[in-house]
Every structure is written in C-alpha cells, then in structure tokens.
file final.cif (mmCIF, C-alpha atoms)
data_protein
#
loop_
_atom_site.label_atom_id
_atom_site.label_comp_id
_atom_site.auth_asym_id
_atom_site.auth_seq_id
_atom_site.Cartn_x
_atom_site.Cartn_y
_atom_site.Cartn_z
CA MET A 1 -136.77 59.09 165.25
CA ARG A 2 -133.46 57.81 163.86
CA PHE A 3 -131.32 56.03 166.46
CA LYS A 4 -127.70 55.07 165.94
CA THR A 5 -128.05 51.43 166.97
CA VAL A 6 -130.22 48.82 165.34
CA ALA A 7 -131.59 47.73 168.69
CA ALA A 8 -132.73 51.23 169.57
CA ALA A 9 -134.40 51.73 166.20
CA ALA A 10 -136.60 48.73 166.76
CA LEU A 11 -137.37 49.35 170.43
CA ALA A 12 -137.82 53.10 170.59
CA VAL A 13 -140.50 52.71 173.24
CA ALA A 14 -137.88 52.55 175.98
CA THR A 15 -138.12 55.05 178.84
CA MET A 16 -136.15 55.70 182.01
CA MET A 17 -135.82 52.87 184.49
CA GLY A 18 -133.14 51.83 186.92
CA VAL A 19 -131.23 48.57 186.68
CA SER A 20 -130.76 46.05 189.46
CA ALA A 21 -127.77 43.80 189.96
CA CYS A 22 -126.40 42.01 186.92
CA GLY A 23 -127.54 38.50 186.15
CA SER A 24 -125.10 35.66 185.89
CA SER A 25 -124.92 32.90 183.32
CA ASN A 26 -122.77 30.66 185.50
CA ASN A 27 -123.86 31.48 189.03
CA ALA A 28 -127.36 30.14 188.44
CA ASP A 29 -128.33 26.56 187.61
CA ASP A 30 -128.99 25.45 184.05
CA ASN A 31 -132.73 25.98 184.49
CA THR A 32 -132.38 29.70 185.25
CA ILE A 33 -131.58 32.17 182.49
CA THR A 34 -131.06 35.91 182.72
CA PHE A 35 -132.49 38.08 179.96
CA TRP A 36 -131.73 41.74 179.14
CA HIS A 37 -133.80 43.99 176.88
CA ASN A 38 -134.53 47.73 176.65
CA ALA A 39 -138.33 48.03 176.60
CA THR A 40 -138.78 49.56 180.03
CA SER A 41 -142.45 50.53 179.89
CA GLY A 42 -145.80 50.02 178.23
CA GLU A 43 -146.83 47.24 175.90
CA GLY A 44 -143.25 46.37 175.01
CA LYS A 45 -142.25 45.68 178.60
CA GLN A 46 -145.43 43.67 179.14
CA TYR A 47 -144.76 41.67 175.98
CA TRP A 48 -141.44 40.37 177.27
CA GLU A 49 -142.94 39.51 180.66
CA ASP A 50 -145.76 37.58 179.00
CA LEU A 51 -143.36 35.81 176.63
CA ALA A 52 -141.13 34.73 179.50
CA ALA A 53 -144.14 33.42 181.42
CA GLU A 54 -145.31 31.44 178.40
CA PHE A 55 -141.82 30.01 177.88
CA GLU A 56 -141.65 28.96 181.55
CA LYS A 57 -145.06 27.30 181.18
CA GLU A 58 -143.90 25.27 178.18
CA HIS A 59 -140.47 24.46 179.71
CA SER A 60 -141.17 23.02 183.13
CA GLY A 61 -138.64 24.01 185.78
CA VAL A 62 -137.08 26.84 183.74
CA LYS A 63 -137.04 30.36 185.18
CA VAL A 64 -136.43 33.52 183.13
CA GLU A 65 -135.06 36.44 185.15
CA ILE A 66 -135.70 39.68 183.23
CA GLN A 67 -133.91 43.00 183.41
CA ALA A 68 -135.38 45.89 181.43
CA ILE A 69 -132.59 48.41 180.94
CA GLN A 70 -133.09 51.98 179.76
CA ASN A 71 -131.92 52.25 176.17
CA GLU A 72 -129.19 54.88 176.60
CA ASP A 73 -127.65 52.76 179.39
CA PHE A 74 -127.92 49.43 177.64
CA GLU A 75 -124.75 49.35 175.54
CA GLY A 76 -122.46 50.46 178.36
CA LYS A 77 -123.90 48.03 180.90
CA LEU A 78 -123.75 45.14 178.45
CA ALA A 79 -120.15 45.90 177.48
CA THR A 80 -119.12 46.00 181.15
CA ALA A 81 -121.00 42.84 182.10
CA MET A 82 -119.68 40.79 179.17
CA GLN A 83 -116.04 41.46 180.06
CA ASP A 84 -116.51 38.41 182.27
CA LEU A 85 -119.01 36.00 180.77
CA LYS A 86 -119.97 34.82 184.25
CA SER A 87 -121.37 38.26 185.04
CA GLY A 88 -123.14 38.74 181.72
CA PRO A 89 -126.74 37.95 180.83
CA ASP A 90 -127.57 34.63 179.17
CA VAL A 91 -129.75 36.27 176.52
CA TYR A 92 -129.40 39.88 175.46
CA MET A 93 -130.40 42.35 172.77
CA GLY A 94 -127.60 42.65 170.22
CA LEU A 95 -125.98 46.00 169.44
CA GLY A 96 -125.76 45.38 165.71
CA GLY A 97 -123.18 45.90 162.99
CA ALA A 98 -119.55 46.45 163.89
CA LYS A 99 -120.37 46.46 167.61
CA THR A 100 -121.74 42.93 167.44
CA LYS A 101 -118.78 41.88 165.28
CA ASP A 102 -116.42 43.18 167.98
CA MET A 103 -118.29 41.09 170.56
CA VAL A 104 -118.11 38.05 168.28
CA ASP A 105 -114.34 38.52 167.91
CA ALA A 106 -114.05 38.84 171.68
CA GLY A 107 -115.82 35.50 172.20
CA GLN A 108 -118.86 37.09 173.81
CA VAL A 109 -121.54 35.75 171.45
CA MET A 110 -122.62 32.15 170.95
CA ASP A 111 -122.50 30.70 167.44
CA LEU A 112 -126.09 29.61 166.81
CA THR A 113 -125.60 28.37 163.25
CA ASP A 114 -126.32 24.73 164.13
CA LYS A 115 -128.65 25.55 167.01
CA LEU A 116 -131.39 27.48 165.21
CA SER A 117 -134.85 25.97 165.10
CA ASP A 118 -136.35 24.90 161.79
CA THR A 119 -138.86 27.75 162.15
CA VAL A 120 -136.13 30.38 162.39
CA LYS A 121 -134.10 28.93 159.53
CA LYS A 122 -137.14 28.61 157.26
CA ASN A 123 -139.02 31.82 158.01
CA MET A 124 -136.28 34.36 158.72
CA THR A 125 -134.01 33.87 155.70
CA ALA A 126 -133.56 37.54 154.78
CA SER A 127 -133.31 38.95 158.30
CA LEU A 128 -130.73 36.35 159.37
CA THR A 129 -128.29 38.10 157.04
CA SER A 130 -128.00 40.88 159.61
CA ALA A 131 -127.10 38.37 162.33
CA THR A 132 -124.50 36.59 160.21
CA TYR A 133 -120.75 37.23 160.45
CA ASP A 134 -118.20 35.25 158.45
CA GLY A 135 -120.88 32.77 157.48
CA LYS A 136 -122.03 32.03 161.03
CA VAL A 137 -125.28 33.13 162.71
CA TYR A 138 -125.05 34.88 166.08
CA GLY A 139 -128.63 35.74 166.95
CA VAL A 140 -132.33 35.41 166.28
CA PRO A 141 -134.09 38.46 164.77
CA VAL A 142 -137.42 39.64 166.15
CA THR A 143 -138.20 42.56 163.82
CA VAL A 144 -137.11 44.00 160.48
CA GLN A 145 -137.50 47.68 159.64
CA PRO A 146 -136.22 48.45 156.15
CA GLY A 147 -136.17 52.00 154.89
CA GLY A 148 -137.47 53.34 151.60
CA ILE A 149 -139.03 56.40 150.03
CA TRP A 150 -142.13 57.91 151.60
CA TYR A 151 -144.21 60.17 149.40
CA SER A 152 -147.36 62.26 149.07
CA LYS A 153 -149.84 60.55 146.77
CA ASP A 154 -151.65 63.86 146.27
CA LEU A 155 -148.50 65.71 145.17
CA PHE A 156 -147.52 62.89 142.82
CA GLU A 157 -150.97 63.11 141.23
CA GLN A 158 -150.71 66.89 141.04
CA ALA A 159 -147.43 66.54 139.14
CA GLY A 160 -148.86 63.94 136.78
CA ILE A 161 -146.85 61.00 138.16
CA GLU A 162 -149.00 57.94 137.62
CA GLU A 163 -146.63 55.23 138.84
CA VAL A 164 -144.01 55.26 141.58
CA PRO A 165 -140.42 55.12 140.27
CA THR A 166 -138.78 51.71 140.09
CA THR A 167 -135.46 52.87 138.60
CA PHE A 168 -133.12 55.75 139.38
CA ASP A 169 -133.82 57.27 135.96
CA GLU A 170 -137.55 57.11 136.66
CA LEU A 171 -136.90 58.83 139.98
CA LYS A 172 -135.09 61.64 138.16
CA THR A 173 -138.01 61.94 135.77
CA ALA A 174 -140.37 62.24 138.74
CA VAL A 175 -138.11 64.93 140.19
CA THR A 176 -138.36 66.92 136.97
CA LYS A 177 -142.15 66.61 136.86
CA LEU A 178 -142.46 67.77 140.45
CA LYS A 179 -140.19 70.75 139.83
CA ASN A 180 -142.20 71.70 136.76
CA ALA A 181 -145.32 71.62 138.93
CA GLY A 182 -143.71 73.97 141.44
CA ILE A 183 -143.26 71.26 144.06
CA ALA A 184 -140.05 70.57 145.99
CA PRO A 185 -139.29 66.97 144.94
CA ILE A 186 -137.33 65.56 147.89
CA ALA A 187 -137.20 66.70 151.50
CA LEU A 188 -133.73 66.33 153.01
CA GLY A 189 -132.57 67.19 156.52
CA GLY A 190 -128.93 67.71 155.63
CA LYS A 191 -128.10 69.53 158.86
CA ASP A 192 -128.30 66.20 160.70
CA ALA A 193 -125.91 64.56 158.20
CA TRP A 194 -127.28 61.01 158.35
CA PRO A 195 -130.39 61.78 156.25
CA ALA A 196 -128.13 62.96 153.42
CA ALA A 197 -125.88 59.95 153.86
CA HIS A 198 -128.89 57.64 153.59
CA TRP A 199 -128.90 58.41 149.88
CA TYR A 200 -125.30 57.25 149.65
CA TYR A 201 -126.07 54.08 151.64
CA TRP A 202 -128.89 53.07 149.33
CA LEU A 203 -127.18 54.02 146.10
CA SER A 204 -124.10 52.01 147.11
CA LEU A 205 -126.33 49.00 147.76
CA ARG A 206 -127.54 49.32 144.16
CA GLU A 207 -124.21 50.25 142.52
CA CYS A 208 -121.90 47.78 144.27
CA SER A 209 -121.98 44.05 143.66
CA PRO A 210 -122.77 41.97 146.77
CA SER A 211 -119.08 41.05 146.92
CA ALA A 212 -117.85 44.65 146.66
CA TYR A 213 -120.42 45.86 149.16
CA SER A 214 -119.45 43.12 151.62
CA LYS A 215 -115.75 43.96 151.24
CA GLY A 216 -116.52 47.59 152.01
CA VAL A 217 -118.75 47.03 155.02
CA ASN A 218 -116.98 44.00 156.51
CA ASP A 219 -113.34 44.38 155.39
CA LYS A 220 -113.27 48.18 155.03
CA ASP A 221 -112.04 47.74 151.46
CA PHE A 222 -113.44 50.59 149.35
CA SER A 223 -111.19 50.08 146.35
CA ASP A 224 -114.00 49.11 143.96
CA SER A 225 -115.00 51.94 141.63
CA CYS A 226 -118.64 51.50 142.65
CA TRP A 227 -118.04 53.54 145.80
CA THR A 228 -117.00 56.60 143.79
CA LYS A 229 -119.78 55.99 141.27
CA THR A 230 -122.25 56.06 144.16
CA GLY A 231 -121.11 59.52 145.16
CA GLN A 232 -121.46 60.71 141.57
CA ASP A 233 -125.04 59.41 141.45
CA LEU A 234 -125.89 61.44 144.52
CA LYS A 235 -124.12 64.50 143.14
CA ASP A 236 -126.13 64.20 139.93
CA LEU A 237 -129.33 64.22 141.96
CA ALA A 238 -128.22 67.28 143.92
CA ASP A 239 -127.10 69.08 140.74
CA MET A 240 -130.62 68.85 139.34
CA ASP A 241 -131.96 70.60 142.47
CA ALA A 242 -133.87 67.55 143.62
CA PHE A 243 -133.78 68.58 147.27
CA ASN A 244 -135.68 71.29 149.11
CA GLU A 245 -134.25 74.80 149.20
CA GLY A 246 -131.79 75.17 152.08
CA TYR A 247 -131.57 71.43 152.68
CA LEU A 248 -128.08 71.67 154.18
CA THR A 249 -129.46 73.74 157.08
CA THR A 250 -132.72 71.78 157.38
CA THR A 251 -133.13 69.42 160.33
CA ALA A 252 -134.67 66.00 159.91
CA GLN A 253 -137.46 65.81 162.45
CA GLN A 254 -137.68 69.00 164.53
CA GLY A 255 -140.86 70.88 163.70
CA ALA A 256 -142.87 71.81 160.63
CA SER A 257 -139.83 73.23 158.80
CA SER A 258 -137.84 69.99 159.18
CA SER A 259 -137.61 67.57 156.28
CA ALA A 260 -140.27 65.34 157.83
CA GLY A 261 -142.38 68.44 158.43
CA LEU A 262 -142.08 69.46 154.77
CA LEU A 263 -143.53 66.11 153.70
CA ALA A 264 -146.15 66.17 156.45
CA ASN A 265 -147.36 69.60 155.33
CA HIS A 266 -147.16 68.92 151.58
CA LYS A 267 -144.24 71.28 151.06
CA ALA A 268 -142.18 68.48 149.51
CA ALA A 269 -143.19 65.28 147.78
CA MET A 270 -140.75 62.62 149.03
CA GLU A 271 -138.36 61.70 151.81
CA LEU A 272 -135.96 58.75 152.16
CA MET A 273 -136.44 57.38 155.67
CA GLY A 274 -136.97 54.31 157.82
CA THR A 275 -140.16 52.75 159.13
CA TRP A 276 -140.39 55.35 161.89
CA GLU A 277 -141.50 57.93 159.30
CA PRO A 278 -145.32 57.63 159.67
CA GLY A 279 -145.08 58.15 163.42
CA VAL A 280 -142.78 61.17 163.08
CA ILE A 281 -144.98 62.71 160.39
CA LYS A 282 -148.13 62.19 162.43
CA ASP A 283 -146.83 64.61 165.06
CA LEU A 284 -146.03 67.24 162.41
CA THR A 285 -149.26 67.40 160.42
CA PRO A 286 -151.54 70.40 161.10
CA ASP A 287 -154.11 68.26 162.95
CA ARG A 288 -151.52 65.88 164.42
CA GLN A 289 -153.22 62.99 162.68
CA PRO A 290 -151.69 60.40 160.33
CA MET A 291 -150.91 61.82 156.89
CA SER A 292 -153.87 60.58 154.86
CA ASP A 293 -152.11 60.40 151.48
CA LEU A 294 -148.78 58.99 152.70
CA GLY A 295 -147.38 56.23 150.52
CA TYR A 296 -144.22 54.13 150.38
CA PHE A 297 -142.08 52.58 147.65
CA ALA A 298 -138.84 50.63 147.77
CA PHE A 299 -135.62 52.35 146.78
CA PRO A 300 -135.29 52.18 142.97
CA SER A 301 -132.79 50.05 141.08
CA VAL A 302 -129.86 51.75 139.34
CA GLU A 303 -129.30 51.10 135.64
CA GLY A 304 -125.94 49.44 135.17
CA GLY A 305 -125.51 48.87 138.90
CA GLN A 306 -124.12 45.55 140.08
CA GLY A 307 -126.13 45.33 143.30
CA LYS A 308 -129.27 43.33 143.88
CA GLU A 309 -132.27 45.31 142.68
CA ASP A 310 -134.41 44.14 145.58
CA ALA A 311 -131.83 44.33 148.40
CA LEU A 312 -133.07 46.17 151.48
CA MET A 313 -131.42 48.16 154.22
CA GLY A 314 -132.59 49.15 157.65
CA ALA A 315 -132.87 48.06 161.24
CA VAL A 316 -132.98 44.48 162.46
CA THR A 317 -133.31 43.76 166.17
CA VAL A 318 -131.50 40.58 167.11
CA PHE A 319 -131.25 38.69 170.40
CA SER A 320 -128.02 36.84 171.10
CA VAL A 321 -126.78 34.29 173.59
CA ASN A 322 -123.85 34.27 176.02
CA PRO A 323 -121.39 31.48 175.05
CA ASP A 324 -121.52 30.21 178.66
CA ALA A 325 -125.32 30.12 178.77
CA PRO A 326 -127.27 26.86 179.27
CA GLN A 327 -129.36 25.16 176.60
CA ALA A 328 -132.47 26.86 177.95
CA ALA A 329 -131.12 30.20 176.65
CA VAL A 330 -130.87 28.80 173.13
CA ASP A 331 -134.39 27.45 173.45
CA PHE A 332 -135.58 30.88 174.58
CA VAL A 333 -134.25 32.80 171.55
CA ASN A 334 -135.70 30.15 169.23
CA PHE A 335 -139.00 30.55 171.09
CA MET A 336 -138.91 34.28 170.23
CA GLY A 337 -139.04 33.31 166.56
CA GLU A 338 -142.18 31.19 166.75
CA LYS A 339 -145.28 32.40 164.89
CA LYS A 340 -147.40 33.39 167.90
CA ALA A 341 -144.50 35.09 169.67
CA GLN A 342 -143.81 37.07 166.51
CA GLU A 343 -147.44 38.03 166.01
CA ASP A 344 -147.63 39.31 169.57
CA TYR A 345 -144.34 41.17 169.14
CA SER A 346 -145.63 42.88 166.02
CA THR A 347 -148.74 44.06 167.86
CA ALA A 348 -146.93 45.18 171.02
CA PHE A 349 -144.27 47.17 169.18
CA SER A 350 -146.33 48.24 166.13
CA THR A 351 -143.68 46.86 163.82
CA ILE A 352 -142.91 44.19 161.23
CA PRO A 353 -142.04 40.75 162.59
CA ALA A 354 -138.99 38.88 161.35
CA ASN A 355 -140.93 35.64 160.89
CA VAL A 356 -142.74 35.81 157.55
CA GLU A 357 -145.51 33.56 158.88
CA ALA A 358 -146.50 36.34 161.29
CA TYR A 359 -147.04 39.02 158.62
CA ASP A 360 -150.81 38.65 158.84
CA ALA A 361 -150.69 40.33 162.24
CA VAL A 362 -149.62 43.61 160.59
CA THR A 363 -152.65 45.77 159.79
CA ASP A 364 -151.05 49.18 159.13
CA GLU A 365 -151.29 49.99 155.40
CA ASN A 366 -147.80 51.49 155.16
CA LEU A 367 -146.19 48.60 156.99
CA GLN A 368 -148.03 46.24 154.65
CA SER A 369 -146.43 48.07 151.72
CA ILE A 370 -143.02 47.50 153.27
CA ILE A 371 -143.81 43.82 153.78
CA LYS A 372 -144.35 43.53 150.03
CA ALA A 373 -140.80 44.82 149.52
CA ILE A 374 -139.49 42.35 152.09
CA GLU A 375 -141.27 39.47 150.37
CA ASN A 376 -139.51 40.38 147.12
CA SER A 377 -136.08 40.39 148.75
CA ASP A 378 -133.71 37.80 150.15
CA ASP A 379 -131.13 40.33 151.34
CA MET A 380 -131.52 42.64 154.33
CA GLN A 381 -128.52 44.81 155.25
CA LEU A 382 -128.05 46.93 158.34
CA TRP A 383 -127.89 50.72 158.02
CA MET A 384 -124.49 51.28 156.48
CA ASP A 385 -123.16 53.58 159.21
CA THR A 386 -124.24 51.06 161.84
CA ALA A 387 -122.55 48.22 159.97
CA LEU A 388 -119.34 50.23 159.55
CA GLY A 389 -119.17 51.33 163.17
CA GLY A 390 -119.04 54.80 164.68
CA ASN A 391 -115.72 56.12 163.37
CA ILE A 392 -116.09 55.12 159.73
CA GLY A 393 -119.83 55.72 159.73
CA ASN A 394 -119.39 59.28 160.99
CA ALA A 395 -116.64 59.90 158.46
CA LEU A 396 -118.96 58.70 155.70
CA ASN A 397 -121.82 60.91 156.86
CA SER A 398 -119.56 63.96 157.07
CA GLY A 399 -118.00 63.20 153.69
CA VAL A 400 -121.42 63.16 152.02
CA VAL A 401 -122.38 66.51 153.54
CA ASN A 402 -119.04 67.99 152.52
CA MET A 403 -119.59 66.93 148.92
CA LEU A 404 -123.12 68.31 148.85
CA SER A 405 -121.89 71.61 150.26
CA GLY A 406 -119.19 71.90 147.58
CA GLN A 407 -116.28 71.12 149.90
CA GLY A 408 -115.44 67.77 148.34
CA ASP A 409 -116.17 65.38 145.50
CA PRO A 410 -117.24 61.72 145.27
CA ALA A 411 -113.67 60.49 145.62
CA ASP A 412 -113.30 62.43 148.87
CA ILE A 413 -116.15 60.43 150.44
CA VAL A 414 -114.25 57.23 149.76
CA LYS A 415 -111.03 58.75 151.08
CA ALA A 416 -112.77 59.81 154.28
CA MET A 417 -113.88 56.24 154.90
CA GLU A 418 -110.45 54.84 154.09
CA ASP A 419 -108.71 57.33 156.37
CA ALA A 420 -111.09 56.50 159.24
CA ALA A 421 -110.55 52.77 158.68
CA ALA A 422 -106.77 53.25 158.74
CA LYS A 423 -107.03 54.86 162.17
CA GLY A 424 -108.79 51.77 163.50
#
call {"tool": "encode", "arguments": {"input": "final.cif", "output": "structure tokens"}}
result
Amino acid sequence: MRFKTVAAAALAVATMMGVSACGSSNNADDNTITFWHNATSGEGKQYWEDLAAEFEKEHSGVKVEIQAIQNEDFEGKLATAMQDLKSGPDVYMGLGGAKTKDMVDAGQVMDLTDKLSDTVKKNMTASLTSATYDGKVYGVPVTVQPGGIWYSKDLFEQAGIEEVPTTFDELKTAVTKLKNAGIAPIALGGKDAWPAAHWYYWLSLRECSPSAYSKGVNDKDFSDSCWTKTGQDLKDLADMDAFNEGYLTTTAQQGASSSAGLLANHKAAMELMGTWEPGVIKDLTPDRQPMSDLGYFAFPSVEGGQGKEDALMGAVTVFSVNPDAPQAAVDFVNFMGEKKAQEDYSTAFSTIPANVEAYDAVTDENLQSIIKAIENSDDMQLWMDTALGGNIGNALNSGVVNMLSGQGDPADIVKAMEDAAAKG
C-alpha cells in the first residue's frame, strides 16, 4: 500500500493503539531517554522493545522509555509535542521530506553531522542523502525501500523480450513487443493520481541534472527545461498506448481490476511501484499466493538525460533526535545502525536494511534484486511528492493526470508546481 509519508511506507505494520502521556527530554535525567515509533503490534513492536533492552544492557544505567503510537496519529502528536522541546520525545521517527525540513528550520531536530558513528557514516552512504538538508545530517536511517518496475517474466518471454530494459528507448521497444503480442504493456492506476505521477518522478530523476533536481525539490525552482522535457517523455509513452485500457479510471490496489490486480493476474506485463508491490500482488492472485514469475528491474536511464543513471527514489525511514536530548539519545540512534540491529530490523519488518553490512539477512528474491540496484547507486531520493510537501506534491500529481487526460500539456505540470509553490 502506498502511504504519503516515508515513515509510514516503511512501517506499514502499525495498528490501532492508544498513547500515554508524552515523554520529556528535559524532565528526566540524562540517563533516561524517551523514544517514539509507530509499530504498535506484532514483530515490529517486539523488535523495538528488544532493541531498547539490548541498548540498556550495553549502556549501564540508561533507561529507554518507549511509546508506540498508531501511525495515523503520529504526525499530529509529534508536531504538538515538539512545539516545546521539553515536552517532545528524545528520539522519534522522522516525517520525511518537506515536513522534516520544516522541523529542521524550526530548531526541532538535532544536527547529527559530527555525531554519527563510523558504522553509520561508512555503511549508510546512499540512504543518508534522504536525511541530509543543506549539507547537514539530521537522522539515522533504518530501512531503504526504493521503487522500480515490477514485471511478469512469463509475459516478457511470451512477447519475445529476452532482457529487461535498461534505457527508456529499450522500454519503449518492450512496450511495442508486448502490444504486438496482444498484451497490455504497463498497468497504471491513474484514478489514484500518484501512480501516474510516479512516472514523472522517475523520469525527472533521469532527465534533470542533480543540481537542477535539487533546485526543484529543495528550492522549488522548476525553471530548468528538464522539468518540461520530463512531461514530454511521459506524454510520448502515453501516446504509444503503453498503459492499460481505461487507466485513468483504474485504481491502484483495490481488487483484481486494479493496476496491481492486472499484473497479478497476467492482464498486464509491468507496473512502476515501490517495494510494497509483492505483498499487494500476493493478495490479488487467484490463489492468494506470491506471484511465481514476478520480477523487478531498476528504472531505465534516459538517453540524453542529465540525471544519474543509477539514482534511486523511494522510502527511507529515519530516526531523529530532539536538540535538547542527552548524549544517550545520540548513542541510541547510532545503535540502531549497527549490523546486528539492522539484521534484526530487516527480519522483523521484512524489508531492506539501511546498513549495507546487513544485506545478508535479506532472503526474499525480489528484495535481493532491489539490493543489487542499491549497491549500484550512491544516490537515494525520497518520493518526489513527499520531498516537495503536500501542496506542491498534490499539484504535481494532479497536473500529471490532467495532461494524461488531455486537459493540459507538459508545461502545465510545471506551472502547477510553480503556482503551488508561490502560495507557500
């Protein structure tokens, strides 16, 4: 399932649970730290309890007071608590993107640049990008979940596609082969907007230079021509009927007729999605079992594009520290990044750890394919709408759908983002 915050994407196991009184970073002694997360049940909740106990064992006299907060309540409670740092938690799950940047600007996040352990600095190079603002690091990642293209190996073989596409032109060639074989090339849940916009996110990451992309996401400067070129790339794909029939009224994940359902039931060959895709598809196959021929490949490069060919985009869950927190809080987030802690996290949450030394703990074949993409990249960006924040992100998503429905053109997508940015 696609969530709108990075934290929720990584910790989707959260279920309902009440919250007790807020912790305090200043009302307790320096050996007591309060810790907020959103895994309120199951193996995820147990993981954090076990990690805290292990940390206490290795740091004599330190006590970790945990609050597991239901996901939909987390952002609001954190925002309220951090209005006064004394009432906020010492360690907390970051909100990601523009929301974290707002907290940084408000002085609610500790600068950890010079406080990170050697393990974190050495083994989390790519994922630290998503915790970095204006050259400073404001959190320790625990998982990375980049997106990419999921596909049916059987349908590719049926269409005579021997190798997965590595360039946008090769992707178009694959689309043509699939169409010629009577197969819908790409499943797209356009009714939900964000699945369509995912194509724009990824194409912009390939078309725009790192500098231009950063100016767009961080400074809301979309003046570079790459942003319009991105929209044209997507329009070209739509004009060749790459997407399933009726994709603008197709939902993303609701039932067999959704875009995920089309892939699950071999009615379409590909879908651009995040690491949640195998789990979603599993519930939509006829026997409700994992899709046996499901494969994954990284988003292709774009000929002539100025972006990094191996740059990735997706969810990164980061834990940050209250500026008023004691040293033990810094030690705790660094402890999260250690190899064993990361291996256990990967197992508990069935995900990819941020520490590259812990990759051996991942046994799922599809996740292993994603790890290969991560190992070839030194750049991990947050989902573009998350990085831009709600107002601009929603304007972008709507602008993409408008273009695909014939109510706008590539330049109108850029204008929609600029107009939203101007409103603040």
call {"tool": "closest_atom_pairs", "arguments": {"input": "final.cif", "of": "region 256-370 of chain A", "to": "region 78-89 of chain A", "cutoff": "9 Å", "atoms": "all atoms listed in the file", "output": "JSON lines"}}
result
{"residue": "A:Val321", "atom": "CA", "partner": "A:Pro89", "partner_atom": "CA", "distance": 8.1}
{"residue": "A:Asn322", "atom": "CA", "partner": "A:Pro89", "partner_atom": "CA", "distance": 6.7}
{"residue": "A:Pro323", "atom": "CA", "partner": "A:Leu85", "partner_atom": "CA", "distance": 7.7}
{"residue": "A:Asp324", "atom": "CA", "partner": "A:Leu85", "partner_atom": "CA", "distance": 6.7}
{"residue": "A:Ala325", "atom": "CA", "partner": "A:Pro89", "partner_atom": "CA", "distance": 8.2}
call {"tool": "closest_residue", "arguments": {"input": "final.cif", "among": "A:Gly305, A:Pro165, A:Gly399, A:Pro353", "to": "Met124 (chain A)", "atoms": "all atoms listed in the file"}}
result
A:Pro353
call {"tool": "closest_residue", "arguments": {"input": "final.cif", "among": "A:Glu303, A:Glu309, A:Asp287, A:Asp419", "to": "Gly393 (chain A)", "atoms": "all atoms listed in the file"}}
result
A:Asp419
call {"tool": "closest_atom_pairs", "arguments": {"input": "final.cif", "of": "region 340-411 of chain A", "to": "region 190-208 of chain A", "cutoff": "12 Å", "atoms": "all atoms listed in the file", "output": "CSV"}}
result
residue,atom,partner,partner_atom,distance
A:Asp379,CA,A:Leu205,CA,10.5
A:Met380,CA,A:Leu205,CA,10.5
A:Gln381,CA,A:Leu205,CA,8.9
A:Leu382,CA,A:Tyr201,CA,10.0
A:Trp383,CA,A:Tyr201,CA,7.4
A:Met384,CA,A:Tyr201,CA,5.8
A:Asp385,CA,A:Tyr201,CA,8.1
A:Thr386,CA,A:Tyr201,CA,10.8
A:Ala387,CA,A:Tyr201,CA,10.8
A:Leu388,CA,A:Tyr201,CA,11.1
A:Gly393,CA,A:Trp194,CA,9.2
A:Asn394,CA,A:Trp194,CA,8.5
A:Ala395,CA,A:Ala197,CA,10.3
A:Leu396,CA,A:Ala197,CA,7.3
A:Asn397,CA,A:Ala197,CA,5.1
A:Ser398,CA,A:Ala193,CA,6.5
A:Gly399,CA,A:Ala197,CA,8.5
A:Val400,CA,A:Ala197,CA,5.8
A:Val401,CA,A:Ala193,CA,6.2
A:Asn402,CA,A:Ala193,CA,9.6
A:Met403,CA,A:Ala196,CA,10.4
A:Leu404,CA,A:Ala196,CA,8.6
A:Ser405,CA,A:Gly190,CA,9.7
A:Pro410,CA,A:Tyr200,CA,10.2
call {"tool": "write_last_selection", "arguments": {"input": "final.cif", "atoms": "C-alpha atoms", "output": "mmCIF file, keeping the file's coordinate frame"}}
result
data_model
loop_
_atom_site.group_PDB
_atom_site.id
_atom_site.type_symbol
_atom_site.label_atom_id
_atom_site.label_comp_id
_atom_site.auth_asym_id
_atom_site.auth_seq_id
_atom_site.Cartn_x
_atom_site.Cartn_y
_atom_site.Cartn_z
ATOM 1 C CA ASP A 379 -131.130 40.330 151.340
ATOM 2 C CA MET A 380 -131.520 42.640 154.330
ATOM 3 C CA GLN A 381 -128.520 44.810 155.250
ATOM 4 C CA LEU A 382 -128.050 46.930 158.340
ATOM 5 C CA TRP A 383 -127.890 50.720 158.020
ATOM 6 C CA MET A 384 -124.490 51.280 156.480
ATOM 7 C CA ASP A 385 -123.160 53.580 159.210
ATOM 8 C CA THR A 386 -124.240 51.060 161.840
ATOM 9 C CA ALA A 387 -122.550 48.220 159.970
ATOM 10 C CA LEU A 388 -119.340 50.230 159.550
ATOM 11 C CA GLY A 393 -119.830 55.720 159.730
ATOM 12 C CA ASN A 394 -119.390 59.280 160.990
ATOM 13 C CA ALA A 395 -116.640 59.900 158.460
ATOM 14 C CA LEU A 396 -118.960 58.700 155.700
ATOM 15 C CA ASN A 397 -121.820 60.910 156.860
ATOM 16 C CA SER A 398 -119.560 63.960 157.070
ATOM 17 C CA GLY A 399 -118.000 63.200 153.690
ATOM 18 C CA VAL A 400 -121.420 63.160 152.020
ATOM 19 C CA VAL A 401 -122.380 66.510 153.540
ATOM 20 C CA ASN A 402 -119.040 67.990 152.520
ATOM 21 C CA MET A 403 -119.590 66.930 148.920
ATOM 22 C CA LEU A 404 -123.120 68.310 148.850
ATOM 23 C CA SER A 405 -121.890 71.610 150.260
ATOM 24 C CA PRO A 410 -117.240 61.720 145.270
#
call {"tool": "atom_distance", "arguments": {"input": "final.cif", "atom1": "CA of Val144 (chain A)", "atom2": "CA of Thr317 (chain A)"}}
result
6.8 Å
call {"tool": "residues_around", "arguments": {"input": "final.cif", "residues": "Glu49 (chain A)", "least_positions_apart": "6", "cutoff": "10 Å", "atoms": "all atoms listed in the file", "output": "list in words"}}
result
Glu43, Phe55, Val64, Glu65, Ile66 and Ala68 of chain A
call {"tool": "closest_residue", "arguments": {"input": "final.cif", "among": "A:Tyr151, A:Phe319, A:Phe243, A:Phe297", "to": "Ala269 (chain A)", "atoms": "only C-alpha atoms"}}
result
A:Tyr151
call {"tool": "residues_around", "arguments": {"input": "final.cif", "residues": "Ala252 (chain A)", "least_positions_apart": "2", "cutoff": "10 Å", "atoms": "all atoms listed in the file", "output": "list of chain:residue names"}}
result
A:Met1, A:Arg2, A:Ala187, A:Leu188, A:Gly189, A:Gly190, A:Lys191, A:Asp192, A:Ala193, A:Trp194, A:Pro195, A:Ala196, A:Tyr247, A:Thr249, A:Thr250, A:Gln254, A:Gly255, A:Ser257, A:Ser258, A:Ser259, A:Ala260, A:Gly261, A:Leu262, A:Glu271, A:Met273, A:Val280
call {"tool": "residues_around", "arguments": {"input": "final.cif", "residues": "Pro286 (chain A)", "least_positions_apart": "6", "cutoff": "10 Å", "atoms": "all atoms listed in the file", "output": "JSON, numbers by chain"}}
result
{"A": [256, 261, 264, 265]}
call {"tool": "residues_near_point", "arguments": {"input": "final.cif", "point": "(-143.9, 73.1, 147.4)", "cutoff": "12 Å", "atoms": "all atoms listed in the file", "output": "number ranges by chain"}}
result
A: 152, 155-156, 158-159, 178-187, 243-245, 262-270
call {"tool": "atom_distance", "arguments": {"input": "final.cif", "atom1": "CA of Gly295 (chain A)", "atom2": "CA of Phe168 (chain A)"}}
result
18.1 Å
